[in-house]
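Raw contents of protein-v5.pdb, PDB, C-alpha atoms, pLDDT in the B column:
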MODEL        1
ATOM      1  CA  MET W  54     107.125 109.646 100.665  1.00 38.00           C
ATOM      2  CA  LEU W  55     103.760 108.225  99.672  1.00 48.00           C
ATOM      3  CA  ASP W  56     101.072 110.339 101.177  1.00 51.00           C
ATOM      4  CA  VAL W  57      97.739 108.627 100.960  1.00 50.00           C
ATOM      5  CA  GLY W  58      95.337 111.415 101.731  1.00 51.00           C
ATOM      6  CA  ALA W  59      91.806 111.316 102.998  1.00 51.00           C
ATOM      7  CA  ASP W  60      90.431 111.422  99.439  1.00 51.00           C
ATOM      8  CA  ALA W  61      92.365 108.284  98.490  1.00 47.00           C
ATOM      9  CA  ARG W  62      91.229 106.499 101.642  1.00 47.00           C
ATOM     10  CA  ARG W  63      87.616 107.474 100.947  1.00 49.00           C
ATOM     11  CA  SER W  64      87.832 106.067  97.423  1.00 46.00           C
ATOM     12  CA  ALA W  65      89.502 102.832  98.585  1.00 48.00           C
ATOM     13  CA  ARG W  66      86.186 101.148  98.096  1.00 50.00           C
ATOM     14  CA  THR W  67      85.092  97.740  99.252  1.00 53.00           C
ATOM     15  CA  PRO W  68      84.629  94.974  96.645  1.00 50.00           C
ATOM     16  CA  ALA W  69      80.867  95.548  96.773  1.00 59.00           C
ATOM     17  CA  ALA W  70      81.384  99.201  95.811  1.00 72.00           C
ATOM     18  CA  GLY W  71      83.604  98.447  92.808  1.00 80.00           C
ATOM     19  CA  PRO W  72      87.294  98.867  92.080  1.00 90.00           C
ATOM     20  CA  PRO W  73      89.481 101.650  93.499  1.00 92.00           C
ATOM     21  CA  LEU W  74      89.361 104.713  91.275  1.00 91.00           C
ATOM     22  CA  ASP W  75      93.122 105.336  91.116  1.00 93.00           C
ATOM     23  CA  PHE W  76      96.405 103.685  92.076  1.00 94.00           C
ATOM     24  CA  GLN W  77      96.738 105.571  95.378  1.00 94.00           C
ATOM     25  CA  SER W  78      93.287 104.317  96.350  1.00 94.00           C
ATOM     26  CA  HIS W  79      94.267 100.818  95.315  1.00 96.00           C
ATOM     27  CA  LEU W  80      97.360 100.957  97.556  1.00 96.00           C
ATOM     28  CA  ALA W  81      95.231 102.285 100.428  1.00 96.00           C
ATOM     29  CA  ALA W  82      92.767  99.413  99.952  1.00 95.00           C
ATOM     30  CA  LEU W  83      95.586  96.865  99.913  1.00 96.00           C
ATOM     31  CA  GLU W  84      97.052  98.362 103.083  1.00 96.00           C
ATOM     32  CA  ALA W  85      93.657  98.386 104.808  1.00 95.00           C
ATOM     33  CA  GLN W  86      93.261  94.667 104.055  1.00 95.00           C
ATOM     34  CA  GLY W  87      96.784  93.764 105.202  1.00 96.00           C
ATOM     35  CA  LEU W  88      97.944  92.985 101.656  1.00 97.00           C
ATOM     36  CA  LEU W  89     100.687  95.625 101.429  1.00 97.00           C
ATOM     37  CA  VAL W  90     104.142  95.538 102.986  1.00 95.00           C
ATOM     38  CA  ARG W  91     105.596  99.033 103.297  1.00 96.00           C
ATOM     39  CA  VAL W  92     109.404  99.116 103.340  1.00 95.00           C
ATOM     40  CA  ASP W  93     110.736 102.471 104.573  1.00 95.00           C
ATOM     41  CA  ARG W  94     114.399 101.583 105.103  1.00 95.00           C
ATOM     42  CA  PRO W  95     116.813 102.277 102.207  1.00 95.00           C
ATOM     43  CA  ILE W  96     116.482  99.530  99.589  1.00 94.00           C
ATOM     44  CA  ASN W  97     118.849  99.170  96.638  1.00 94.00           C
ATOM     45  CA  LYS W  98     116.865  98.977  93.412  1.00 93.00           C
ATOM     46  CA  ASP W  99     119.781  97.317  91.625  1.00 91.00           C
ATOM     47  CA  THR W 100     120.443  94.454  94.051  1.00 93.00           C
ATOM     48  CA  GLU W 101     117.689  94.108  96.681  1.00 92.00           C
ATOM     49  CA  LEU W 102     114.294  95.297  95.509  1.00 91.00           C
ATOM     50  CA  HIS W 103     113.115  92.570  93.119  1.00 89.00           C
ATOM     51  CA  PRO W 104     114.949  89.671  94.814  1.00 89.00           C
ATOM     52  CA  LEU W 105     113.174  90.572  98.060  1.00 87.00           C
ATOM     53  CA  VAL W 106     109.761  90.438  96.399  1.00 89.00           C
ATOM     54  CA  ARG W 107     110.647  87.329  94.391  1.00 89.00           C
ATOM     55  CA  TRP W 108     111.300  85.355  97.590  1.00 89.00           C
ATOM     56  CA  GLN W 109     107.596  85.127  98.264  1.00 90.00           C
ATOM     57  CA  PHE W 110     107.091  83.325  94.933  1.00 88.00           C
ATOM     58  CA  GLN W 111     110.156  81.083  95.082  1.00 89.00           C
ATOM     59  CA  GLY W 112     110.309  80.595  98.840  1.00 83.00           C
ATOM     60  CA  GLY W 113     107.251  78.429  99.143  1.00 79.00           C
ATOM     61  CA  LEU W 114     104.667  80.940 100.416  1.00 86.00           C
ATOM     62  CA  LYS W 115     101.103  79.998  99.649  1.00 90.00           C
ATOM     63  CA  GLU W 116      99.147  82.391  97.407  1.00 89.00           C
ATOM     64  CA  GLU W 117      97.089  83.728 100.307  1.00 89.00           C
ATOM     65  CA  GLN W 118     100.307  84.722 102.131  1.00 92.00           C
ATOM     66  CA  ARG W 119     101.714  86.809  99.265  1.00 94.00           C
ATOM     67  CA  ARG W 120     101.752  90.592  99.592  1.00 95.00           C
ATOM     68  CA  ALA W 121     102.354  93.656  97.460  1.00 96.00           C
ATOM     69  CA  PHE W 122     105.404  95.732  98.405  1.00 96.00           C
ATOM     70  CA  LEU W 123     105.771  99.494  98.546  1.00 96.00           C
ATOM     71  CA  PHE W 124     109.355 100.721  98.802  1.00 96.00           C
ATOM     72  CA  THR W 125     109.427 104.341  99.954  1.00 95.00           C
ATOM     73  CA  ASN W 126     113.185 104.861 100.275  1.00 95.00           C
ATOM     74  CA  VAL W 127     114.726 103.581  97.026  1.00 95.00           C
ATOM     75  CA  ILE W 128     118.419 104.057  96.291  1.00 94.00           C
ATOM     76  CA  ASP W 129     120.760 102.790  93.569  1.00 92.00           C
ATOM     77  CA  SER W 130     124.136 101.062  93.884  1.00 91.00           C
ATOM     78  CA  SER W 131     125.976 104.377  94.058  1.00 91.00           C
ATOM     79  CA  GLY W 132     123.772 105.555  96.939  1.00 88.00           C
ATOM     80  CA  ARG W 133     121.701 108.039  94.920  1.00 92.00           C
ATOM     81  CA  ARG W 134     118.169 108.342  96.234  1.00 93.00           C
ATOM     82  CA  CYS W 135     115.184 107.952  93.886  1.00 90.00           C
ATOM     83  CA  ASP W 136     112.525 110.572  94.459  1.00 89.00           C
ATOM     84  CA  ILE W 137     109.512 108.315  93.922  1.00 91.00           C
ATOM     85  CA  PRO W 138     108.272 105.211  95.735  1.00 94.00           C
ATOM     86  CA  VAL W 139     108.227 101.873  93.891  1.00 95.00           C
ATOM     87  CA  ALA W 140     105.353  99.400  94.112  1.00 96.00           C
ATOM     88  CA  VAL W 141     105.914  95.751  93.147  1.00 95.00           C
ATOM     89  CA  GLY W 142     103.259  93.052  93.028  1.00 94.00           C
ATOM     90  CA  ALA W 143     100.493  95.571  93.682  1.00 95.00           C
ATOM     91  CA  LEU W 144      98.304  94.403  90.821  1.00 94.00           C
ATOM     92  CA  ALA W 145      98.446  90.619  90.806  1.00 91.00           C
ATOM     93  CA  ALA W 146     100.836  89.073  93.351  1.00 93.00           C
ATOM     94  CA  SER W 147      97.913  86.970  94.588  1.00 94.00           C
ATOM     95  CA  PRO W 148      94.273  86.378  93.686  1.00 94.00           C
ATOM     96  CA  ARG W 149      93.207  88.561  96.650  1.00 95.00           C
ATOM     97  CA  ILE W 150      95.354  91.476  95.460  1.00 96.00           C
ATOM     98  CA  TYR W 151      93.960  91.085  91.952  1.00 94.00           C
ATOM     99  CA  ALA W 152      90.428  90.992  93.381  1.00 95.00           C
ATOM    100  CA  VAL W 153      90.980  94.320  95.179  1.00 95.00           C
ATOM    101  CA  GLY W 154      91.952  95.889  91.850  1.00 94.00           C
ATOM    102  CA  MET W 155      88.922  94.370  90.122  1.00 93.00           C
ATOM    103  CA  GLY W 156      86.615  95.507  92.905  1.00 93.00           C
ATOM    104  CA  ARG W 157      84.985  92.116  93.289  1.00 93.00           C
ATOM    105  CA  PRO W 158      85.470  88.894  95.245  1.00 94.00           C
ATOM    106  CA  VAL W 159      87.982  86.349  93.929  1.00 94.00           C
ATOM    107  CA  GLU W 160      85.148  83.950  93.084  1.00 96.00           C
ATOM    108  CA  GLU W 161      83.617  86.474  90.632  1.00 95.00           C
ATOM    109  CA  ILE W 162      86.740  87.359  88.626  1.00 93.00           C
ATOM    110  CA  GLU W 163      86.446  84.595  86.020  1.00 94.00           C
ATOM    111  CA  ALA W 164      82.806  85.466  85.309  1.00 95.00           C
ATOM    112  CA  ALA W 165      83.673  89.184  85.081  1.00 93.00           C
ATOM    113  CA  TRP W 166      86.386  88.476  82.495  1.00 92.00           C
ATOM    114  CA  THR W 167      84.067  86.172  80.545  1.00 95.00           C
ATOM    115  CA  ARG W 168      81.426  88.944  80.397  1.00 94.00           C
ATOM    116  CA  ALA W 169      84.044  91.541  79.416  1.00 92.00           C
ATOM    117  CA  ILE W 170      85.394  89.413  76.568  1.00 94.00           C
ATOM    118  CA  ALA W 171      81.869  88.682  75.323  1.00 96.00           C
ATOM    119  CA  ASN W 172      80.863  92.378  75.501  1.00 95.00           C
ATOM    120  CA  PRO W 173      83.832  94.540  74.446  1.00 92.00           C
ATOM    121  CA  ILE W 174      83.621  98.293  74.801  1.00 89.00           C
ATOM    122  CA  PRO W 175      83.498  99.885  71.328  1.00 88.00           C
ATOM    123  CA  VAL W 176      86.717 101.585  70.302  1.00 87.00           C
ATOM    124  CA  VAL W 177      86.292 105.292  69.668  1.00 85.00           C
ATOM    125  CA  PRO W 178      88.569 106.598  66.904  1.00 83.00           C
ATOM    126  CA  PRO W 179      90.996 109.338  67.927  1.00 78.00           C
ATOM    127  CA  VAL W 180      90.084 112.933  67.215  1.00 72.00           C
ATOM    128  CA  THR W 181      92.626 114.973  65.304  1.00 72.00           C
ATOM    129  CA  THR W 182      92.811 118.717  65.119  1.00 66.00           C
ATOM    130  CA  ALA W 183      94.185 120.865  62.325  1.00 66.00           C
ATOM    131  CA  THR W 184      95.609 123.355  64.826  1.00 67.00           C
ATOM    132  CA  PHE W 185      97.955 121.004  66.671  1.00 63.00           C
ATOM    133  CA  PRO W 186     101.590 122.137  66.237  1.00 62.00           C
ATOM    134  CA  SER W 187     103.903 120.215  63.937  1.00 63.00           C
ATOM    135  CA  ASN W 188     106.895 118.305  65.291  1.00 61.00           C
ATOM    136  CA  GLU W 189     109.168 121.114  64.120  1.00 59.00           C
ATOM    137  CA  GLU W 190     107.177 123.652  66.129  1.00 58.00           C
ATOM    138  CA  LEU W 191     107.352 121.417  69.199  1.00 58.00           C
ATOM    139  CA  MET W 192     111.115 120.966  68.846  1.00 56.00           C
ATOM    140  CA  MET W 193     111.780 124.723  68.871  1.00 51.00           C
ATOM    141  CA  ASP W 194     113.141 125.368  72.399  1.00 50.00           C
ATOM    142  CA  SER W 195     109.795 124.305  73.862  1.00 50.00           C
ATOM    143  CA  PHE W 196     110.877 121.416  76.038  1.00 49.00           C
ATOM    144  CA  PRO W 197     109.597 120.397  78.438  1.00 50.00           C
ATOM    145  CA  VAL W 198     106.065 120.732  77.138  1.00 47.00           C
ATOM    146  CA  CYS W 199     102.679 119.746  78.495  1.00 48.00           C
ATOM    147  CA  VAL W 200     100.169 118.312  76.034  1.00 48.00           C
ATOM    148  CA  ARG W 201      96.602 118.507  77.264  1.00 46.00           C
ATOM    149  CA  LYS W 202      93.213 118.635  75.593  1.00 45.00           C
ATOM    150  CA  GLY W 203      94.581 119.310  72.130  1.00 48.00           C
ATOM    151  CA  TYR W 204      96.963 122.160  72.902  1.00 48.00           C
ATOM    152  CA  VAL W 205     100.595 122.454  73.762  1.00 47.00           C
ATOM    153  CA  ARG W 206     101.830 124.643  76.571  1.00 47.00           C
ATOM    154  CA  ARG W 207     105.414 125.296  77.499  1.00 46.00           C
ATOM    155  CA  ALA W 208     106.213 124.228  81.042  1.00 47.00           C
ATOM    156  CA  GLY W 209     106.206 127.150  83.431  1.00 47.00           C
ATOM    157  CA  ARG W 210     103.751 129.213  81.387  1.00 45.00           C
TER     158      ARG W 210
ENDMDL
END
This structure in structure tokens:
Amino acid sequence: MLDVGADARRSARTPAAGPPLDFQSHLAALEAQGLLVRVDRPINKDTELHPLVRWQFQGGLKEEQRRAFLFTNVIDSSGRRCDIPVAVGALAASPRIYAVGMGRPVEEIEAAWTRAIANPIPVVPPVTTATFPSNEELMMDSFPVCVRKGYVRRAGR
């Protein structure tokens, strides 16, 4: 279901090398450090998924014992299967998980945020183009559409 390829594993960098470059790399880094629980059995998104993850917060686990969860076989109450995996707690279920995403040790996170707040990245105004289609043109039997780099392309073309 979730195929973490060689490219994602290569970019699952160590804290010294900086943060993972994408979410797949982040999941690979969590798994490599034992911070990800992969659940492959069918799990009901309506009744089981979040309560299962919530137990680690309400059940008395210490922060260092908390894990992110990746559910690869998600179903709903009627038994329909979801075609995508679901990750819960993969960004901040514990300071260690958060540190993996930040690409730095837990002890350096506060200083990194202090520097970031003191030195914001300038906001670049959006670029508009005169040739972008109007809403009416987009609504004309063109769905689904892909919008990329200032142009609209009908799906399948």
### Message
Evaluated on this file, the PyMOL selection byres ((chain W and resi 126-140) around 8) picks out some residues - which ones are they, written as a PyMOL selection string?
### Response
chain W and resi 54-55+92-100+121-125+141-143
### Query
Could you tell me, as a list in words, which residues have any atom at most 12 Å from (94.2, 91.8, 88.3), counting all atoms listed in the file?
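Residues with an atom close enough to that point: Pro72, His79, Gly142, Ala143, Leu144, Ala145, Ala146, Ser147, Pro148, Arg149, Ile150, Tyr151, Ala152, Val153, Gly154, Met155, Gly156, Arg157, Pro158, Val159, Ile162, Glu163, Ala165 and Trp166 of chain W.
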### Query
What does the distance from CA of Leu105 in chain W to CA of Gly87 in chain W come to in Å, to one decimal?
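Distance reported for this atom pair: 18.2 Å.
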### Query
Interatomic distance between CA of Trp108 in chain W and CA of Glu160 in chain W?
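That distance, rounded to one decimal, is 26.6 Å.
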### Query
Distance CA of Arg107 in chain W-CA of Leu88 in chain W, one decimal place?
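About the pair CA of Arg107 in chain W and CA of Leu88 in chain W: they are 15.7 Å apart.
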Might I get the box with edges along x, y and z of the file that holds all atoms of range 122-140 of chain W listed there, padded by 3 Å on every side, given as centre and edge lengths in Å to one decimal, as AutoDock Vina command-line options?
--center_x 115.7 --center_y 103.2 --center_z 96.9 --size_x 26.6 --size_y 20.8 --size_z 12.7
### Query
Excluding same-chain residues fewer than 2 positions from Gln118 in chain W, what lies within 9 Å of it counting all atoms listed in the file, as an MDAnalysis selection string?
chainID W and resid 88 109 114:116 120 147
